[in-house]
$ cat final_34.cif   # mmCIF, C-alpha atoms and all ligand atoms
data_model
loop_
_atom_site.group_PDB
_atom_site.id
_atom_site.type_symbol
_atom_site.label_atom_id
_atom_site.label_comp_id
_atom_site.auth_asym_id
_atom_site.auth_seq_id
_atom_site.Cartn_x
_atom_site.Cartn_y
_atom_site.Cartn_z
ATOM 1 C CA VAL A 909 -40.058 -13.681 82.389
ATOM 2 C CA LEU A 910 -39.927 -14.621 86.085
ATOM 3 C CA SER A 911 -38.315 -11.340 87.110
ATOM 4 C CA LYS A 912 -40.926 -9.444 85.094
ATOM 5 C CA LEU A 913 -43.679 -11.396 86.833
ATOM 6 C CA ILE A 914 -42.163 -10.664 90.263
ATOM 7 C CA ARG A 915 -41.871 -6.968 89.386
ATOM 8 C CA TYR A 916 -45.488 -6.962 88.201
ATOM 9 C CA ILE A 917 -46.711 -8.564 91.437
ATOM 10 C CA GLN A 918 -44.635 -6.166 93.548
ATOM 11 C CA ASP A 919 -46.222 -3.246 91.682
ATOM 12 C CA SER A 920 -49.684 -4.571 92.253
ATOM 13 C CA THR A 921 -52.348 -4.379 94.893
ATOM 14 C CA LEU A 922 -52.060 -8.153 95.198
ATOM 15 C CA TYR A 923 -48.568 -7.787 96.678
ATOM 16 C CA PHE A 924 -49.875 -5.303 99.188
ATOM 17 C CA PHE A 925 -52.618 -7.663 100.305
ATOM 18 C CA LEU A 926 -50.331 -10.688 100.476
ATOM 19 C CA PHE A 927 -47.268 -9.214 102.124
ATOM 20 C CA GLU A 928 -47.607 -5.629 103.276
ATOM 21 C CA LYS A 929 -51.122 -5.183 104.545
ATOM 22 C CA ASN A 930 -50.603 -6.799 107.906
ATOM 23 C CA ARG A 931 -47.177 -5.366 108.496
ATOM 24 C CA ILE A 932 -48.037 -1.763 109.284
ATOM 25 C CA LYS A 933 -51.516 -0.398 109.736
ATOM 26 C CA TYR A 934 -52.088 3.233 108.825
ATOM 27 C CA ARG A 935 -54.775 5.762 109.457
ATOM 28 C CA VAL A 936 -55.577 9.141 107.940
ATOM 29 C CA ALA A 937 -54.834 12.157 110.126
ATOM 30 C CA GLY A 938 -55.224 15.890 109.571
ATOM 31 C CA SER A 939 -57.686 17.846 107.484
ATOM 32 C CA CYS A 940 -58.072 19.484 104.090
ATOM 33 C CA ASN A 941 -56.635 22.992 103.707
ATOM 34 C CA MET A 942 -58.249 23.329 100.259
ATOM 35 C CA CYS A 943 -55.025 23.880 98.355
ATOM 36 C CA GLY A 944 -56.365 21.989 95.327
ATOM 37 C CA GLN A 945 -53.099 20.156 94.667
ATOM 38 C CA CYS A 946 -54.732 16.731 94.636
ATOM 39 C CA CYS A 947 -57.096 17.860 91.864
ATOM 40 C CA ARG A 948 -54.229 19.074 89.678
ATOM 41 C CA LYS A 949 -51.982 16.051 89.815
ATOM 42 C CA LEU A 950 -53.946 12.967 90.661
ATOM 43 C CA ILE A 951 -53.443 9.320 89.902
ATOM 44 C CA LEU A 952 -56.257 6.942 88.988
ATOM 45 C CA GLY A 953 -56.481 3.252 89.824
ATOM 46 C CA TYR A 954 -56.654 0.717 87.036
ATOM 47 C CA ARG A 955 -56.973 -2.983 87.845
ATOM 48 C CA PHE A 956 -54.027 -3.782 90.146
ATOM 49 C CA GLY A 957 -52.336 -0.428 90.171
ATOM 50 C CA PRO A 958 -52.350 3.169 88.964
ATOM 51 C CA VAL A 959 -53.012 4.087 85.337
ATOM 52 C CA LYS A 960 -49.669 4.030 83.542
ATOM 53 C CA SER A 961 -50.594 4.920 79.979
ATOM 54 C CA HIS A 962 -53.110 6.785 77.848
ATOM 55 C CA ARG A 963 -54.236 3.406 76.508
ATOM 56 C CA GLN A 964 -55.114 2.183 80.025
ATOM 57 C CA PHE A 965 -56.958 5.413 80.677
ATOM 58 C CA LYS A 966 -59.079 4.895 77.544
ATOM 59 C CA LYS A 967 -60.007 1.434 78.806
ATOM 60 C CA LEU A 968 -60.800 2.825 82.246
ATOM 61 C CA LEU A 969 -63.096 5.446 80.687
ATOM 62 C CA LYS A 970 -65.244 2.699 79.222
ATOM 63 C CA ARG A 971 -65.968 1.439 82.720
ATOM 64 C CA ARG A 972 -65.934 4.849 84.398
ATOM 65 C CA PRO A 973 -67.221 7.456 81.920
ATOM 66 C CA GLU A 974 -67.496 9.955 84.795
ATOM 67 C CA TYR A 975 -63.682 10.126 84.782
ATOM 68 C CA LYS A 976 -63.755 12.122 81.564
ATOM 69 C CA ILE A 977 -63.440 15.210 83.790
ATOM 70 C CA PHE A 978 -59.806 14.164 84.347
ATOM 71 C CA LYS A 979 -57.374 15.263 81.663
ATOM 72 C CA PRO A 980 -54.170 13.236 81.410
ATOM 73 C CA TYR A 981 -50.806 14.962 81.287
ATOM 74 C CA ASP A 982 -48.969 14.289 78.031
ATOM 75 C CA GLU A 983 -46.014 12.591 79.671
ATOM 76 C CA VAL A 984 -45.852 9.755 82.164
ATOM 77 C CA SER A 985 -44.160 10.850 85.423
ATOM 78 C CA GLU A 986 -40.774 9.591 86.585
ATOM 79 C CA ASP A 987 -42.445 7.006 88.795
ATOM 80 C CA GLY A 988 -44.128 5.525 85.716
ATOM 81 C CA TYR A 989 -47.635 6.749 86.531
ATOM 82 C CA LEU A 990 -49.830 8.932 84.404
ATOM 83 C CA ARG A 991 -51.014 12.043 86.227
ATOM 84 C CA PHE A 992 -54.309 13.864 85.650
ATOM 85 C CA SER A 993 -55.706 17.302 86.192
ATOM 86 C CA CYS A 994 -59.395 17.826 86.860
ATOM 87 C CA MET A 995 -61.232 20.303 84.657
ATOM 88 C CA HIS A 996 -63.337 21.441 87.636
ATOM 89 C CA VAL A 997 -60.641 22.705 89.963
ATOM 90 C CA THR A 998 -60.794 26.494 90.189
ATOM 91 C CA GLU A 999 -57.786 28.790 90.166
ATOM 92 C CA ASP A 1000 -57.942 29.169 93.935
ATOM 93 C CA GLY A 1001 -58.001 25.393 94.431
ATOM 94 C CA LYS A 1002 -61.719 24.900 95.041
ATOM 95 C CA CYS A 1003 -63.984 22.281 93.491
ATOM 96 C CA ALA A 1004 -66.503 23.854 91.114
ATOM 97 C CA ILE A 1005 -68.795 20.809 91.313
ATOM 98 C CA HIS A 1006 -68.395 20.032 94.984
ATOM 99 C CA PRO A 1007 -71.944 18.704 95.624
ATOM 100 C CA ASP A 1008 -71.681 16.497 92.534
ATOM 101 C CA ARG A 1009 -68.036 15.448 92.717
ATOM 102 C CA PRO A 1010 -67.305 11.771 91.981
ATOM 103 C CA ASP A 1011 -67.088 9.177 94.757
ATOM 104 C CA LEU A 1012 -63.365 9.017 94.156
ATOM 105 C CA CYS A 1013 -63.079 12.612 95.415
ATOM 106 C CA ARG A 1014 -65.435 12.051 98.335
ATOM 107 C CA ARG A 1015 -63.268 9.219 99.586
ATOM 108 C CA TYR A 1016 -59.977 11.114 99.235
ATOM 109 C CA PRO A 1017 -57.486 10.476 100.735
ATOM 110 C CA GLU A 1018 -57.863 6.717 100.889
ATOM 111 C CA LEU A 1019 -55.435 4.369 102.566
ATOM 112 C CA ARG A 1020 -55.559 2.394 99.326
ATOM 113 C CA MET A 1021 -53.302 5.102 97.878
ATOM 114 C CA ILE A 1022 -50.480 3.544 99.880
ATOM 115 C CA GLU A 1023 -51.008 0.187 98.232
ATOM 116 C CA LEU A 1024 -51.179 1.894 94.821
ATOM 117 C CA GLY A 1025 -47.783 3.399 95.505
ATOM 118 C CA GLY A 1026 -49.077 6.969 95.532
ATOM 119 C CA GLY A 1027 -48.416 9.551 98.182
ATOM 120 C CA LEU A 1028 -50.139 12.689 99.308
ATOM 121 C CA PRO A 1029 -49.273 15.995 97.623
ATOM 122 C CA SER A 1030 -46.465 17.890 99.335
ATOM 123 C CA HIS A 1031 -48.625 20.549 101.014
ATOM 124 C CA CYS A 1032 -51.596 18.336 101.736
ATOM 125 C CA GLY A 1033 -53.163 18.860 105.144
ATOM 126 C CA TYR A 1034 -53.694 15.123 105.507
ATOM 127 C CA LYS A 1035 -51.089 12.531 106.275
ATOM 128 C CA PHE A 1036 -50.918 8.784 106.609
ATOM 129 C CA VAL A 1037 -49.601 7.809 109.994
ATOM 130 C CA PRO A 1038 -48.894 4.359 111.368
ATOM 131 C CA GLU A 1039 -51.594 3.466 113.864
ATOM 132 C CA ASP A 1040 -49.072 2.662 116.512
ATOM 133 C CA ASN A 1041 -47.244 5.978 116.171
ATOM 134 C CA PHE A 1042 -47.874 7.078 119.724
ATOM 135 C CA GLU A 1043 -46.157 10.451 119.362
ATOM 136 C CA GLU A 1044 -48.328 11.447 116.364
ATOM 137 C CA ILE A 1045 -51.539 10.367 118.090
ATOM 138 C CA LEU A 1046 -50.621 12.247 121.265
ATOM 139 C CA THR A 1047 -49.664 15.432 119.367
ATOM 140 C CA GLU A 1048 -52.886 15.336 117.377
ATOM 141 C CA LYS A 1049 -54.997 14.836 120.516
ATOM 142 C CA ILE A 1050 -53.227 17.736 122.270
ATOM 143 C CA GLU A 1051 -53.732 20.020 119.224
ATOM 144 C CA LYS A 1052 -57.412 19.106 119.030
ATOM 145 C CA SER A 1053 -57.984 19.680 122.733
ATOM 146 C CA GLU A 1054 -56.162 23.050 122.519
ATOM 147 C CA LYS A 1055 -58.365 24.076 119.574
ATOM 148 C CA GLY A 1056 -61.435 22.912 121.497
ATOM 149 C CA SER A 1057 -60.464 25.001 124.516
ATOM 150 C CA GLY A 1058 -59.954 28.050 122.242
ATOM 151 C CA ARG A 1059 -56.202 28.398 122.848
HETATM 152 S S1 LIG B 1101 -64.257 16.894 90.950
HETATM 153 FE FE1 LIG B 1101 -63.732 18.464 92.417
HETATM 154 S S2 LIG B 1101 -62.759 17.390 94.131
HETATM 155 FE FE2 LIG B 1101 -62.774 16.002 92.351
HETATM 156 S S3 LIG B 1101 -60.783 16.313 91.362
HETATM 157 FE FE3 LIG B 1101 -62.264 17.667 90.373
HETATM 158 S S4 LIG B 1101 -62.068 19.633 91.443
HETATM 159 FE FE4 LIG B 1101 -61.130 18.040 92.720
HETATM 160 S S1 LIG B 1102 -54.037 18.162 98.500
HETATM 161 FE FE1 LIG B 1102 -54.876 17.646 100.520
HETATM 162 S S2 LIG B 1102 -55.182 19.634 101.530
HETATM 163 FE FE2 LIG B 1102 -54.957 20.012 99.308
HETATM 164 S S3 LIG B 1102 -57.071 20.031 98.517
HETATM 165 FE FE3 LIG B 1102 -56.274 17.941 98.291
HETATM 166 S S4 LIG B 1102 -56.944 16.879 100.169
HETATM 167 FE FE4 LIG B 1102 -57.125 19.062 100.561
#
$ encode --input "final_34.cif" --output "C-alpha cells"
Amino acid sequence: VLSKLIRYIQDSTLYFFLFEKNRIKYRVAGSCNMCGQCCRKLILGYRFGPVKSHRQFKKLLKRRPEYKIFKPYDEVSEDGYLRFSCMHVTEDGKCAIHPDRPDLCRRYPELRMIELGGGLPSHCGYKFVPEDNFEEILTEKIEKSEKGSGR
C-alpha cells in the first residue's frame, strides 16, 4: 500500500509542487509552426495528473463539457496516459475554430505540462528550456536580433 501511495504521489502534481518546482525553473521558448501535432495527440489534465482512462475522461466531461471536441484514442499509450485527437484540426494542421478554441488551447504550451509528465510533440516549434540555460537564451536572442535586422 505504501509503495502504491508513493508511486501515486510521484505521479501527481502534488509531488511537483513539493519537490520539483523549486529545483529547476523553465520557460517557454520558440513559436508555433502550425504543424497541428498537438491537436492530434493531446493529453488532458484530470485532478492531479493526466487522464489515464476513458472512465476518468467521462468524469472530466461532466465538469468540462467543452472537451467533447476531443476524441479519445481507443488504447492508453505506453506511458499510461490516454491521448486525444481534436475534431476541429484540419488536414493541414490548422484549427477550424481558432477564434472560439477552448482556453486550454489558448494557453498551450503550458509549463504545467512538465508537472503532468507530458512533453511537447516531436516537431513542435516550442520548447521548454531551463531559465538558467545561458546558451539557449543567448542563441535565441541572436536569432531574434538577426531576424529583426532582416538577415
Ligand atoms: S480546438 Fe483548435 S487549437 Fe484546440 S485542439 Fe482543436 S484544432 Fe487544436
Ligand atoms: S505541436 Fe507545437 S508547433 Fe505544432 S501546432 Fe502544436 S504548438 Fe504549434
$ resolve_selection --input "final_34.cif" --expression "the PyMOL selection byres (((not hetatm)) within 7 of (chain B and resi 1101))" --output "number ranges by chain"
A: 944, 946-947, 994-997, 1002-1006, 1009-1010, 1013
$ closest_residue --input "final_34.cif" --among "A:His1031, A:His962, A:Arg971, A:Arg935" --to "ligand LIG 1102 (chain B)" --atoms "only C-alpha atoms and all ligand atoms"
A:His1031
$ residues_near_ligand --input "final_34.cif" --ligand "ligand LIG 1102 (chain B)" --cutoff "8 Å" --atoms "all atoms listed in the file" --output "list in words"
Ser939, Cys940, Asn941, Met942, Cys943, Gly944, Gln945, Cys946, Cys947, Gly1001, Lys1002, Tyr1016, Pro1017, Leu1028, Pro1029, Ser1030, His1031, Cys1032, Gly1033 and Tyr1034 of chain A
$ resolve_selection --input "final_34.cif" --expression "the PyMOL selection byres (((chain A and resi 981) around 9) and not hetatm)" --output "PDB file with C-alpha atoms, keeping the file's coordinate frame"
ATOM      1  CA  LYS A 949     -51.982  16.051  89.815  1.00  0.00           C
ATOM      2  CA  LYS A 979     -57.374  15.263  81.663  1.00  0.00           C
ATOM      3  CA  PRO A 980     -54.170  13.236  81.410  1.00  0.00           C
ATOM      4  CA  ASP A 982     -48.969  14.289  78.031  1.00  0.00           C
ATOM      5  CA  GLU A 983     -46.014  12.591  79.671  1.00  0.00           C
ATOM      6  CA  VAL A 984     -45.852   9.755  82.164  1.00  0.00           C
ATOM      7  CA  SER A 985     -44.160  10.850  85.423  1.00  0.00           C
ATOM      8  CA  LEU A 990     -49.830   8.932  84.404  1.00  0.00           C
ATOM      9  CA  ARG A 991     -51.014  12.043  86.227  1.00  0.00           C
ATOM     10  CA  PHE A 992     -54.309  13.864  85.650  1.00  0.00           C
ATOM     11  CA  SER A 993     -55.706  17.302  86.192  1.00  0.00           C
TER      12      SER A 993
END
$ closest_residue --input "final_34.cif" --among "A:Ile1050, A:Arg963, A:Phe1036, A:Asp1000" --to "A:Arg1020" --atoms "all atoms listed in the file"
A:Phe1036
$ closest_residue --input "final_34.cif" --among "A:Pro973, A:Lys967, A:Arg1014, A:Val959" --to "A:Gly988" --atoms "all atoms listed in the file"
A:Val959
$ atom_distance --input "final_34.cif" --atom1 "atom CA of A:Ser1053" --atom2 "atom CA of A:Gly1027"
28.2 Å
$ atom_distance --input "final_34.cif" --atom1 "atom CA of A:Phe956" --atom2 "atom CA of A:Lys970"
16.9 Å
$ atom_distance --input "final_34.cif" --atom1 "atom CA of A:Thr998" --atom2 "atom CA of A:Leu1019"
25.9 Å
$ closest_residue --input "final_34.cif" --among "A:Val1037, A:Ile932, A:Ile951, A:Leu969" --to "A:Met1021" --atoms "all atoms listed in the file"
A:Ile951
$ closest_residue --input "final_34.cif" --among "A:Glu1018, A:Leu1012, A:Lys960, A:Asp987" --to "A:Tyr975" --atoms "only C-alpha atoms"
A:Leu1012
$ build_atoms --input "final_34.cif" --residues "stretch 930-960 of chain A" --atoms "N, CA and C atoms" --output "mmCIF file, in the frame of the given file"
data_model
loop_
_atom_site.group_PDB
_atom_site.id
_atom_site.type_symbol
_atom_site.label_atom_id
_atom_site.label_comp_id
_atom_site.auth_asym_id
_atom_site.auth_seq_id
_atom_site.Cartn_x
_atom_site.Cartn_y
_atom_site.Cartn_z
ATOM 1 N N ASN A 930 -50.575 -6.530 106.476
ATOM 2 C CA ASN A 930 -50.603 -6.799 107.906
ATOM 3 C C ASN A 930 -49.349 -6.322 108.625
ATOM 4 N N ARG A 931 -48.423 -5.777 107.870
ATOM 5 C CA ARG A 931 -47.177 -5.366 108.496
ATOM 6 C C ARG A 931 -47.359 -4.062 109.293
ATOM 7 N N ILE A 932 -47.811 -3.042 108.613
ATOM 8 C CA ILE A 932 -48.037 -1.763 109.284
ATOM 9 C C ILE A 932 -49.452 -1.302 108.971
ATOM 10 N N LYS A 933 -50.180 -0.925 109.970
ATOM 11 C CA LYS A 933 -51.516 -0.398 109.736
ATOM 12 C C LYS A 933 -51.454 1.130 109.828
ATOM 13 N N TYR A 934 -52.099 1.778 108.874
ATOM 14 C CA TYR A 934 -52.088 3.233 108.825
ATOM 15 C C TYR A 934 -53.481 3.782 109.086
ATOM 16 N N ARG A 935 -53.500 5.061 109.394
ATOM 17 C CA ARG A 935 -54.775 5.762 109.457
ATOM 18 C C ARG A 935 -54.558 7.148 108.858
ATOM 19 N N VAL A 936 -55.667 7.799 108.508
ATOM 20 C CA VAL A 936 -55.577 9.141 107.940
ATOM 21 C C VAL A 936 -55.699 10.149 109.072
ATOM 22 N N ALA A 937 -54.770 11.097 109.115
ATOM 23 C CA ALA A 937 -54.834 12.157 110.126
ATOM 24 C C ALA A 937 -54.841 13.512 109.423
ATOM 25 N N GLY A 938 -55.249 14.546 110.125
ATOM 26 C CA GLY A 938 -55.224 15.890 109.571
ATOM 27 C C GLY A 938 -56.527 16.277 108.915
ATOM 28 N N SER A 939 -56.475 17.361 108.153
ATOM 29 C CA SER A 939 -57.686 17.846 107.484
ATOM 30 C C SER A 939 -57.303 18.594 106.205
ATOM 31 N N CYS A 940 -58.309 18.844 105.393
ATOM 32 C CA CYS A 940 -58.072 19.484 104.090
ATOM 33 C C CYS A 940 -57.885 20.989 104.261
ATOM 34 N N ASN A 941 -56.828 21.539 103.659
ATOM 35 C CA ASN A 941 -56.635 22.992 103.707
ATOM 36 C C ASN A 941 -57.046 23.652 102.385
ATOM 37 N N MET A 942 -57.685 22.866 101.542
ATOM 38 C CA MET A 942 -58.249 23.329 100.259
ATOM 39 C C MET A 942 -57.214 23.977 99.346
ATOM 40 N N CYS A 943 -56.063 23.346 99.244
ATOM 41 C CA CYS A 943 -55.025 23.880 98.355
ATOM 42 C C CYS A 943 -55.273 23.477 96.904
ATOM 43 N N GLY A 944 -56.017 22.414 96.685
ATOM 44 C CA GLY A 944 -56.365 21.989 95.327
ATOM 45 C C GLY A 944 -55.291 21.181 94.614
ATOM 46 N N GLN A 945 -54.191 20.903 95.316
ATOM 47 C CA GLN A 945 -53.099 20.156 94.667
ATOM 48 C C GLN A 945 -53.533 18.782 94.174
ATOM 49 N N CYS A 946 -54.342 18.107 94.995
ATOM 50 C CA CYS A 946 -54.732 16.731 94.636
ATOM 51 C C CYS A 946 -55.572 16.714 93.365
ATOM 52 N N CYS A 947 -56.237 17.808 93.059
ATOM 53 C CA CYS A 947 -57.096 17.860 91.864
ATOM 54 C C CYS A 947 -56.282 18.200 90.617
ATOM 55 N N ARG A 948 -55.057 18.660 90.822
ATOM 56 C CA ARG A 948 -54.229 19.074 89.678
ATOM 57 C C ARG A 948 -53.224 18.026 89.265
ATOM 58 N N LYS A 949 -52.968 17.079 90.166
ATOM 59 C CA LYS A 949 -51.982 16.051 89.815
ATOM 60 C C LYS A 949 -52.372 14.737 90.467
ATOM 61 N N LEU A 950 -53.460 14.173 90.002
ATOM 62 C CA LEU A 950 -53.946 12.967 90.661
ATOM 63 C C LEU A 950 -53.593 11.720 89.872
ATOM 64 N N ILE A 951 -53.612 10.602 90.578
ATOM 65 C CA ILE A 951 -53.443 9.320 89.902
ATOM 66 C C ILE A 951 -54.764 8.562 90.004
ATOM 67 N N LEU A 952 -55.024 7.735 89.006
ATOM 68 C CA LEU A 952 -56.257 6.942 88.988
ATOM 69 C C LEU A 952 -55.902 5.469 89.032
ATOM 70 N N GLY A 953 -56.727 4.695 89.720
ATOM 71 C CA GLY A 953 -56.481 3.252 89.824
ATOM 72 C C GLY A 953 -57.017 2.507 88.615
ATOM 73 N N TYR A 954 -56.225 1.564 88.155
ATOM 74 C CA TYR A 954 -56.654 0.717 87.036
ATOM 75 C C TYR A 954 -56.240 -0.715 87.340
ATOM 76 N N ARG A 955 -57.221 -1.586 87.470
ATOM 77 C CA ARG A 955 -56.973 -2.983 87.845
ATOM 78 C C ARG A 955 -56.097 -3.060 89.095
ATOM 79 N N PHE A 956 -54.837 -3.547 88.953
ATOM 80 C CA PHE A 956 -54.027 -3.782 90.146
ATOM 81 C C PHE A 956 -53.105 -2.624 90.515
ATOM 82 N N GLY A 957 -53.235 -1.523 89.837
ATOM 83 C CA GLY A 957 -52.336 -0.428 90.171
ATOM 84 C C GLY A 957 -52.785 0.853 89.499
ATOM 85 N N PRO A 958 -51.972 1.901 89.573
ATOM 86 C CA PRO A 958 -52.350 3.169 88.964
ATOM 87 C C PRO A 958 -52.292 3.100 87.429
ATOM 88 N N VAL A 959 -53.045 3.962 86.796
ATOM 89 C CA VAL A 959 -53.012 4.087 85.337
ATOM 90 C C VAL A 959 -51.600 4.491 84.914
ATOM 91 N N LYS A 960 -51.051 3.761 83.951
ATOM 92 C CA LYS A 960 -49.669 4.030 83.542
ATOM 93 C C LYS A 960 -49.558 4.498 82.095
#
